[in-house]
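Undergrad: This structure is in structure tokens; I'll ask about it shortly.
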Amino acid sequence: MNDAPTAASPSPAATTPRPLLVAEGITKRFAGICALDRVGIDVADGELVGLIGPNGAGKSTLFACLTGLLPPDDGAVRFADRDITDTPLHRRAGLGFARTFQRMELFAGMSVRDHLIVAVRAHNGTGSLVRDLLFRGRPTAAEHDAVDAVVALVPSLRTVIDQPIEALGLGLGRLVELARALITEPRMLFLDEPTSGLDQAETAELAAVLQSVQRDHGTTIVLVEHDLTTVQAICTRLFVLDHGVRIAAGPTADVLADPRVREAYLGAGA
């Protein structure tokens, strides 16, 4: 039986949706080193796109500029026709942004359920950070319903929902991060290397979850990923960076066949 996710097949009516995120001329320097050189990316409403490239290409730096973690030195970012170049990270969350990080950001001493309920409270503005991290305050019925709904999307968490986070392996921890992002019902989801540390079954589950939230909830997704099998299966378009420069963009199959992309990954003569 083939457990691999099926490739995305947008209908003709969905091939040219309205752009939701547009970044133009994004430039970022660190101590005189140009990490990004006038990079552009556009993501349509409801699209699932991939951002790929070899190590050190500038992918995580571009993510940081798109999500507000870092300000670009030059260029502009627009979301839903609004200039958000200087909008800080927490205010972008209010616009419907959610993201995961390359290095997991989870709290010891809290269960999986605790993490998800804290995320709901933070999103709704109904919690106190100190109180929630100590997890004082009984969850409401609505909060439990939100947890149940997101666990239905990520079924591997069902059997570990009340386990402490430190008892989980890396793969399940990454699925907790994904569920924590999804429970806020984001309009736009940014994922930085989400399959890192996942086994084959966990990777297939994550890919299926992403396809489901894109298809059934209309969530727009930008994915930084090294696993080209997953990228090929679920992304309709790709952007490729190498040494801080965008070297290719377009439909997934076309980009992966591009000699410049193959050379960036495999070296000259590939």
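In the structure tokens, chains take letters A, B, ... by order of appearance, with residues numbered from 1 within each chain and ligands from 1 in the order shown.
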Can you list, as a PDB file with C-alpha atoms, in the first residue's frame, every protein, DNA or RNA residue that comes within 7 Å of stretch 109-125 of chain A when you count only C-alpha atoms, leaving out same-chain residues fewer than 6 positions away?

TA:
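part21.pdb written:
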ATOM      1  CA  ASP A 132      -1.287  29.793  31.805  1.00  0.00           C
ATOM      2  CA  GLU A 143     -11.465  25.231  25.040  1.00  0.00           C
ATOM      3  CA  VAL A 147      -8.621  20.788  21.502  1.00  0.00           C
ATOM      4  CA  ILE A 161      -2.927  14.258  24.703  1.00  0.00           C
ATOM      5  CA  ASP A 162      -2.478  14.144  28.496  1.00  0.00           C
ATOM      6  CA  GLN A 163       1.189  13.134  28.542  1.00  0.00           C
ATOM      7  CA  PRO A 164       3.900  15.632  29.577  1.00  0.00           C
ATOM      8  CA  ILE A 165       5.634  17.159  26.611  1.00  0.00           C
ATOM      9  CA  VAL A 176       2.223  19.246  18.793  1.00  0.00           C
ATOM     10  CA  ARG A 180      -0.763  24.457  18.412  1.00  0.00           C
ATOM     11  CA  ILE A 183      -5.805  25.561  16.877  1.00  0.00           C
ATOM     12  CA  THR A 184      -5.672  29.342  16.345  1.00  0.00           C
TER      13      THR A 184
END

Undergrad: Check the DSSP output for the backbone and give back, as a list in words, the residues of stretch 50-238 of chain A in strand (DSSP E).

TA: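 Across stretch 50-238 of chain A, those assigned strand (DSSP E) are Gly50, Leu51, Ile52, Asp74, Gly75, Ala76, Val77, Arg78, Phe79, Arg82, Asp83, Phe97, Ala98, Arg99, Met188, Leu189, Phe190, Leu191, Asp192, Thr220, Ile221, Val222, Leu223, Val224, Arg237 and Leu238 of chain A.
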
Undergrad: Enter the distance from atom CA of A:Phe190 to atom CA of A:Thr230, in Å, rounded to one decimal.

TA: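 Straight-line distance from atom CA of A:Phe190 to atom CA of A:Thr230 works out to 15.6 Å.
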
Undergrad: Between A:Ile84, A:Gly50, A:Thr220, A:Gly96, which has the minimum distance to A:Cys235 (counting only C-alpha atoms)?

TA: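 Of the candidates, the smallest distance to A:Cys235 is held by A:Gly50.
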
Undergrad: Skip stretch 167-172 of chain A itself and residues of its chain fewer than 3 positions away, then list as a count of residues only all residues within 10 Å of it, counting only C-alpha atoms.

TA: 23

Undergrad: Run DSSP on the backbone and grab whatever in stretch 29-250 of chain A lands in helix (DSSP H, G or I); send it over as a PyMOL selection string.

TA: chain A and resi 59-67+89-94+112-124+129-134+141-153+155-160+165-167+170-182+200-217+228-234

Undergrad: Nearest to A:Ile234 among A:Val150, A:Ala181, A:Leu48, A:Asp258, with distances taken over only C-alpha atoms: which residue is it?

TA: A:Leu48

Undergrad: Hey, which of A:Pro19, A:Gly75, A:Gly32, A:Gly46 ends up closest to A:Asp216? Count only C-alpha atoms.

TA: A:Gly46

Undergrad: Which residues are close to stretch 239-244 of chain A, i.e. within 12 Å by only C-alpha atoms, leaving aside same-chain residues fewer than 4 positions away? Reply as an NGL selection string.

TA: :A and (25-30 or 33-43 or 48-63 or 222-226 or 228 or 231 or 235 or 248-256 or 258 or 260-265 or 267)

Undergrad: Calculated over only C-alpha atoms, which of the candidates A:Leu153, A:Ala141, A:Leu66, A:Leu95 has the smallest distance to A:Leu191?

TA: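 Smallest separation from A:Leu191 among the options: A:Leu66.
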
Undergrad: Using only C-alpha atoms, which of A:Glu105, A:Ala152, A:Cys65, A:Thr236 sits nearest A:Glu166?

TA: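 The closest residue to A:Glu166 is A:Glu105.
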
Undergrad: Work out how far atom CA of A:Arg92 is from atom CA of A:Arg78, in Å to one decimal.

TA: 11.3 Å
